[in-house]
Amino acid sequence: MIKKILNNFQVGVLAVSSFITSIVVLLIIIFLFKEGSGVFSKSLLEDGYVLVVNSRNTVNSIAPKDIKNIFDQKIISWKELGGADSAIQLFSIDDISEYYSEEQIGSDLEYMDTCINNYIVNHPSVLAYFPKKNIAKKFNGKEIKVGTMGLYEFVKGREWLPTARPVVQMGILPLILGTLMVSLGAILLALPFGLVTAIYMAEIAHPVWRRIMKPVIELLAGIPSVVFGFFGLIVIVPMVQKVCHIDVGETALAGSIVLGIMALPTIISIAEDAIRNVPNNMREASLALGATQWQTIRSVVIPYAKSGIWAGIILGVGRAVGETMAVLMVTGNASNMPTTFLQPVRTIPATIAAELGETSAGGLHYSALFALGCVLFLMTMVLNVYVQVALKKKSK
Amino acid sequence: MAQIETKDLNFYYGQAQALRNINIAMEKNSVTAFIGPSGCGKSTLLRLFNRMNDLIDGSRIEGSVMIDGADIYARNVNVEDLRKKVGMVFQKPNPFPKSIFENVAYGLRVNGISSRSEIEGIVEASLQSAALWSEVKDKLNKSALQLSGGQQQRLCIARALAVAPSILLMDEPASALDPISTSKIEELIFELKKQYTIVIVTHSMQQAARVSDRTAFFYMGVMVEFDDTTTIFTNPKEERTLNYVTGRFG
Ligand SMILES: Nc1ncnc2c1ncn2[C@@H]1O[C@H](COP(=O)(O)OP(=O)(O)O)[C@@H](O)[C@H]1O
Ligand SMILES: [Mg+2]
């Protein structure tokens with residue numbers, strides 16, 4: 001009787017604790033997505049600033065991208081924004097002294113607001129950019145609405161300039177590509193070495209030799225990622241620079257190499273287990289038909305262990321991608337669109353790690369970094385689901 | 001001349017001696033059954049005929065095994081060629097997790113045959129010989145793992161036949177099968193002996209009596225008696241053989 005109560009109690013504790021754990025995990029994910037979604041509802045204009053035009057200007061709102069182009073002088077006429085055929089005249093509060101004397105502005109800047117207002121009223125094709133607090137009491141200008149960003153722009157945008165003025169640019173395509181490139185490169189580098197080592201250990205090496213090798217390789221997995229990063233910086237980066245004859249060695253390639261090395265222990269360990277789990281009767285069946293050992297490995301053992309090998313690769317690289325530090329240290333972190341492996345790239349985790357300290361909680365930049373976290377989460381989730389499906393297919 | 005012949009054969013797994021001084025000779029196109037209690041060395045001896053025991057670390061052989069008059073453990077022997085000539089069917093059906101077609105074609109592909117029509121012809125002929133063709137001809141591209149146990153074992157026989165061996169070693173090929181599948185395998189052995197020399201390990205005395213011409217009785221690594229199957233089962237010379245075949249031990 002007591003035994004039964006005790007048993008029920010233990011089962012209850014297990015159920016409750018697992019329930020709470022699941023809820024917590026779920027809440028974290030919800031928190032992540034809630035914070036991240038803020039990026040789509042906040043204005044892209046620098047906090048506390050306004051964009052103002054003459055009240056007769058027919059343009060009411062300008063897309064964030066166009067604003068950047070205006071300030072970059074790529075758009076010079078209101079016509080291009082659907083307005084009158086006149087050149088856009090940029091006005092920034094920093095230029096005020098060019099138009100008004102110190103007396104007019106006032107020694108304590110007390111007439112600053114009026115000056116700005118006057119300037120706007122007198123210049124029909126002005127686009128003024130100044131702090132909200134400088135809007136005059138009797139204001140005659142028209143505030144321009146700056147649209148928020150859509151999911152499409154966020155994912156497909158090619159520029160990541162989260163602190164640009166007057167509007168930020170938050171296209172994460174270069175970061176996604178950077179992440180994919182570094183990971184893909186790591187897979188391509190780690191796959192042959194990992195597979196060959198796993199095959200050697202599982203199929204060819206003398207058992208004594210394997211008993212020595214396996215723990216040594218697993219020891220590699222315990223090295224902190226920052227040490228790999230340091231190693232990469234000191235050894236891999238100069239090597240890449242020298243071998244590829246480029247000016248900076250901090251490139252996607254360097255990141256791929258370091259990531260690949262970091263992923264190797266997991267890949268080898270899991271792939272070796274998968275290969276050793278191939279039933280011996282499969283090998284015997286092949287050898288008994290006159291196949292050589294190599295033919296047997298290639299045509300029977302590897303296909304049989306394929307899904308396990310893939311699981312090892314994806315887990316290995318997935319784990320390594322999450323290891324931000326090493327990648328941050330060797331990839332150069334330029335957020336331009338990567339086109340080759342010999343360019344600096346910036347990965348999503350590296351972006352979050354490098355920029356989170358500069359943001360203010362609740363701000364646009366802060367939300368954008370959370371949204372990046374969501375993207376990374378979705379990317380790794382797709383991989384994990386793939387691994388699960390692959391493993392399930394095998395066990396059938 | 002005997003097709004398979006051993007001379008003063010001893011075999012060791014590390015320190016443990018599994019076979020003691022075996023001298024046996026098997027004629028071409030005969031069926032020889034190995035019987036004896038579990039652990040007496042039947043499988044070990046069988047696997048010496050295609051050098052399957054080469055894979056076992058620390059194993060050691062003394063004496064010689066001659067196939068078609070040549071010592072198969074001589075230095076210059078190509079083990080792959082030997083295994084093509086001496087096919088093997090295992091106790092538990094072990095088809096590859098590939099299609100039925102690819103299972104039979106496997107041995108051809110590893111031997112460098114790449115002509116599609118040649119492979120197709122041999123696959124069909126092998127499945128015919130293994131009495132499986134009519135059951136699988138419409139689903140050659142289906143996974144071999146979908147077949148029943150008995151069909152899988154006949155597929156393994158077809159797979160072995162495809163590389164054109166002259167000897168077929170079978171290690172308890174029906175022990176994992178139901179009675180109907182077992183009798184199909186036995187009928188098949190009857191057919192196959194016209195073309196192949198067959199050595200079959202079995203723990204079923206009835207099976208040995210039904211399919212074999214000659215029977216060898218083993219006990220603790222020693223070949224106690226080797227004679228015509230009818231003699232072994234009706235009038236053995238050794239008392240231990242008599243006790244075994246009459247079911248008094250084992
Ligand atoms: N791979 C092996 N390593 C060590 N000992 C083995 C191995 N295979 C078989 N043996 C031993 O050799 C003896 C003969 O085994 P086996 O030939 O399988 O017998 P049978 O097939 O007659 O049942 C047994 O004592 C068994 O334990
Ligand atoms: Mg056996």
# chains A, B, ... in the order shown; residues from 1 in each chain; ligands from 1
>>> interface_residues(of="chain A", to="chain B", cutoff="6 Å", atoms="only C-alpha atoms", output="list in words")
Ala288, Leu289, Gly290 and Ala291 of chain A
>>> residues_around(residues="Pro215 (chain A)", least_positions_apart="4", cutoff="10 Å", atoms="only C-alpha atoms", output="list in words")
Arg210, Arg211, Leu219, Leu220, Pro265 and Ser269 of chain A
>>> atom_distance(atom1="CA of Ile35 (chain B)", atom2="atom 20 (P, counted along the ligand's line) of ligand 1")
8.9 Å
>>> select_by_dssp(residues="region 106-180 of chain A", states="strand (DSSP E)", output="ChimeraX atom specification")
/A:126-131,142-143,145-146,160-161,169-170
>>> write_last_selection(atoms="N, CA and C atoms", output="tab-separated table (two decimals), in the first residue's frame")
chain	number	residue	atom	x	y	z
A	126	VAL	N	12.04	70.98	-49.70
A	126	VAL	CA	12.95	70.57	-48.65
A	126	VAL	C	12.58	69.19	-48.11
A	127	LEU	N	13.61	68.50	-47.64
A	127	LEU	CA	13.38	67.30	-46.81
A	127	LEU	C	14.25	67.50	-45.58
A	128	ALA	N	13.59	67.79	-44.47
A	128	ALA	CA	14.33	68.16	-43.27
A	128	ALA	C	14.38	66.99	-42.30
A	129	TYR	N	15.53	66.90	-41.64
A	129	TYR	CA	15.76	65.78	-40.72
A	129	TYR	C	16.29	66.36	-39.42
A	130	PHE	N	15.50	66.29	-38.37
A	130	PHE	CA	15.93	66.92	-37.11
A	130	PHE	C	15.20	66.29	-35.92
A	131	PRO	N	15.69	66.54	-34.73
A	131	PRO	CA	15.08	65.91	-33.56
A	131	PRO	C	13.64	66.36	-33.35
A	142	LYS	N	5.10	69.32	-42.71
A	142	LYS	CA	4.33	68.07	-42.72
A	142	LYS	C	5.29	66.91	-42.41
A	143	GLU	N	4.92	66.15	-41.41
A	143	GLU	CA	5.79	65.04	-41.03
A	143	GLU	C	5.62	63.87	-42.00
A	145	LYS	N	5.70	60.05	-43.07
A	145	LYS	CA	5.61	58.74	-42.42
A	145	LYS	C	6.66	57.82	-43.01
A	146	VAL	N	7.40	57.17	-42.13
A	146	VAL	CA	8.36	56.17	-42.59
A	146	VAL	C	7.76	54.80	-42.32
A	160	TRP	N	22.82	45.15	-44.14
A	160	TRP	CA	22.65	45.09	-42.69
A	160	TRP	C	23.43	46.26	-42.09
A	161	LEU	N	22.71	47.39	-41.88
A	161	LEU	CA	23.35	48.57	-41.29
A	161	LEU	C	22.44	49.02	-40.15
A	169	GLN	N	19.16	50.07	-41.95
A	169	GLN	CA	18.90	49.06	-42.97
A	169	GLN	C	19.03	47.70	-42.30
A	170	MET	N	17.97	46.92	-42.39
A	170	MET	CA	18.02	45.63	-41.71
A	170	MET	C	17.66	44.50	-42.64
>>> residues_around(residues="Leu45 (chain B)", least_positions_apart="2", cutoff="10 Å", atoms="only C-alpha atoms", output="list of chain:residue names")
B:Thr6, B:Leu9, B:Asn10, B:Phe11, B:Ala18, B:Leu19, B:Ile22, B:Phe34, B:Cys40, B:Gly41, B:Lys42, B:Ser43, B:Arg47, B:Leu48, B:Phe49, B:Asn50, B:Arg51, B:Asn53, B:Val201, B:Gly221
>>> residues_around(residues="Gln3 (chain B)", least_positions_apart="4", cutoff="12 Å", atoms="only C-alpha atoms", output="NGL selection string")
:B and (24-32 or 49 or 65-72 or 85-86 or 166-168 or 196-199)
>>> write_last_selection(atoms="N, CA, C and O atoms", output="mmCIF file, in the first residue's frame")
data_model
loop_
_atom_site.group_PDB
_atom_site.id
_atom_site.type_symbol
_atom_site.label_atom_id
_atom_site.label_comp_id
_atom_site.auth_asym_id
_atom_site.auth_seq_id
_atom_site.Cartn_x
_atom_site.Cartn_y
_atom_site.Cartn_z
ATOM 1 N N ILE B 24 38.654 -34.957 -44.360
ATOM 2 C CA ILE B 24 37.375 -35.234 -44.998
ATOM 3 C C ILE B 24 37.519 -34.932 -46.483
ATOM 4 O O ILE B 24 38.322 -34.066 -46.866
ATOM 5 N N ALA B 25 36.794 -35.658 -47.315
ATOM 6 C CA ALA B 25 36.847 -35.406 -48.761
ATOM 7 C C ALA B 25 35.436 -35.461 -49.316
ATOM 8 O O ALA B 25 34.681 -36.379 -49.010
ATOM 9 N N MET B 26 35.081 -34.451 -50.109
ATOM 10 C CA MET B 26 33.725 -34.392 -50.656
ATOM 11 C C MET B 26 33.780 -34.360 -52.166
ATOM 12 O O MET B 26 34.555 -33.602 -52.758
ATOM 13 N N GLU B 27 32.936 -35.197 -52.791
ATOM 14 C CA GLU B 27 32.958 -35.335 -54.246
ATOM 15 C C GLU B 27 32.165 -34.222 -54.915
ATOM 16 O O GLU B 27 31.277 -33.622 -54.307
ATOM 17 N N LYS B 28 32.492 -34.013 -56.184
ATOM 18 C CA LYS B 28 31.759 -33.042 -56.991
ATOM 19 C C LYS B 28 30.292 -33.458 -57.102
ATOM 20 O O LYS B 28 29.967 -34.645 -57.161
ATOM 21 N N ASN B 29 29.417 -32.466 -57.080
ATOM 22 C CA ASN B 29 27.978 -32.663 -57.232
ATOM 23 C C ASN B 29 27.373 -33.608 -56.193
ATOM 24 O O ASN B 29 26.404 -34.313 -56.473
ATOM 25 N N SER B 30 27.971 -33.636 -55.026
ATOM 26 C CA SER B 30 27.380 -34.407 -53.939
ATOM 27 C C SER B 30 26.821 -33.428 -52.918
ATOM 28 O O SER B 30 27.175 -32.254 -52.917
ATOM 29 N N VAL B 31 25.910 -33.935 -52.078
ATOM 30 C CA VAL B 31 25.434 -33.132 -50.955
ATOM 31 C C VAL B 31 25.963 -33.770 -49.686
ATOM 32 O O VAL B 31 25.690 -34.939 -49.418
ATOM 33 N N THR B 32 26.725 -33.010 -48.934
ATOM 34 C CA THR B 32 27.270 -33.515 -47.677
ATOM 35 C C THR B 32 26.616 -32.757 -46.531
ATOM 36 O O THR B 32 26.538 -31.528 -46.571
ATOM 37 N N PHE B 49 36.091 -23.289 -45.631
ATOM 38 C CA PHE B 49 36.109 -23.622 -47.059
ATOM 39 C C PHE B 49 36.036 -22.387 -47.954
ATOM 40 O O PHE B 49 36.357 -22.468 -49.125
ATOM 41 N N VAL B 65 43.490 -27.132 -46.674
ATOM 42 C CA VAL B 65 42.188 -27.325 -47.303
ATOM 43 C C VAL B 65 42.415 -27.233 -48.804
ATOM 44 O O VAL B 65 42.905 -26.217 -49.298
ATOM 45 N N MET B 66 42.086 -28.320 -49.514
ATOM 46 C CA MET B 66 42.293 -28.329 -50.956
ATOM 47 C C MET B 66 40.937 -28.225 -51.639
ATOM 48 O O MET B 66 39.996 -28.946 -51.293
ATOM 49 N N ILE B 67 40.827 -27.308 -52.596
ATOM 50 C CA ILE B 67 39.630 -27.252 -53.421
ATOM 51 C C ILE B 67 40.068 -27.394 -54.867
ATOM 52 O O ILE B 67 40.958 -26.656 -55.319
ATOM 53 N N ASP B 68 39.489 -28.350 -55.564
ATOM 54 C CA ASP B 68 39.906 -28.700 -56.929
ATOM 55 C C ASP B 68 41.416 -28.896 -56.987
ATOM 56 O O ASP B 68 42.089 -28.450 -57.921
ATOM 57 N N GLY B 69 41.941 -29.509 -55.940
ATOM 58 C CA GLY B 69 43.348 -29.885 -55.938
ATOM 59 C C GLY B 69 44.314 -28.795 -55.544
ATOM 60 O O GLY B 69 45.522 -29.030 -55.474
ATOM 61 N N ALA B 70 43.817 -27.575 -55.260
ATOM 62 C CA ALA B 70 44.740 -26.492 -54.907
ATOM 63 C C ALA B 70 44.514 -26.078 -53.459
ATOM 64 O O ALA B 70 43.377 -26.004 -52.997
ATOM 65 N N ASP B 71 45.617 -25.814 -52.767
ATOM 66 C CA ASP B 71 45.523 -25.393 -51.369
ATOM 67 C C ASP B 71 44.996 -23.960 -51.319
ATOM 68 O O ASP B 71 45.648 -23.033 -51.796
ATOM 69 N N ILE B 72 43.806 -23.782 -50.731
ATOM 70 C CA ILE B 72 43.211 -22.441 -50.742
ATOM 71 C C ILE B 72 43.856 -21.519 -49.713
ATOM 72 O O ILE B 72 43.578 -20.322 -49.684
ATOM 73 N N LYS B 85 33.964 -18.675 -56.235
ATOM 74 C CA LYS B 85 33.824 -20.080 -56.607
ATOM 75 C C LYS B 85 33.089 -20.860 -55.520
ATOM 76 O O LYS B 85 32.388 -21.832 -55.810
ATOM 77 N N VAL B 86 33.240 -20.430 -54.273
ATOM 78 C CA VAL B 86 32.634 -21.142 -53.150
ATOM 79 C C VAL B 86 31.598 -20.227 -52.498
ATOM 80 O O VAL B 86 31.913 -19.406 -51.652
ATOM 81 N N SER B 166 30.893 -23.024 -57.944
ATOM 82 C CA SER B 166 30.714 -24.450 -58.216
ATOM 83 C C SER B 166 30.413 -25.183 -56.916
ATOM 84 O O SER B 166 29.945 -26.310 -56.928
ATOM 85 N N ILE B 167 30.681 -24.510 -55.777
ATOM 86 C CA ILE B 167 30.386 -25.113 -54.482
ATOM 87 C C ILE B 167 29.443 -24.181 -53.737
ATOM 88 O O ILE B 167 29.564 -22.956 -53.844
ATOM 89 N N LEU B 168 28.504 -24.749 -53.002
ATOM 90 C CA LEU B 168 27.575 -23.941 -52.222
ATOM 91 C C LEU B 168 27.619 -24.416 -50.771
ATOM 92 O O LEU B 168 27.347 -25.581 -50.484
ATOM 93 N N TYR B 196 25.759 -28.220 -58.503
ATOM 94 C CA TYR B 196 26.682 -27.686 -57.505
ATOM 95 C C TYR B 196 27.078 -28.770 -56.517
ATOM 96 O O TYR B 196 26.315 -29.707 -56.258
ATOM 97 N N THR B 197 28.250 -28.590 -55.954
ATOM 98 C CA THR B 197 28.644 -29.406 -54.816
ATOM 99 C C THR B 197 28.129 -28.675 -53.585
ATOM 100 O O THR B 197 28.399 -27.487 -53.415
ATOM 101 N N ILE B 198 27.364 -29.379 -52.751
ATOM 102 C CA ILE B 198 26.727 -28.690 -51.638
ATOM 103 C C ILE B 198 27.198 -29.268 -50.309
ATOM 104 O O ILE B 198 27.277 -30.485 -50.142
ATOM 105 N N VAL B 199 27.557 -28.365 -49.392
ATOM 106 C CA VAL B 199 27.839 -28.775 -48.020
ATOM 107 C C VAL B 199 26.844 -28.045 -47.139
ATOM 108 O O VAL B 199 26.736 -26.825 -47.198
#
>>> atom_distance(atom1="CA of Glu203 (chain A)", atom2="CA of Asn280 (chain A)")
10.9 Å
>>> select_by_dssp(residues="region 6-129 of chain B", states="helix (DSSP H, G or I)", output="ChimeraX atom specification")
/B:42-48,52-55,79-85,100-110,116-129
>>> residues_around(residues="region 126-139 of chain B", least_positions_apart="3", cutoff="8 Å", atoms="only C-alpha atoms", output="list in words")
Ile100, Val104, Ile122, Val123, Lys142, Gln151, Arg154, Leu155, Ile157, Ala158, Arg159, Leu161, Ala162, Leu188 and Leu192 of chain B
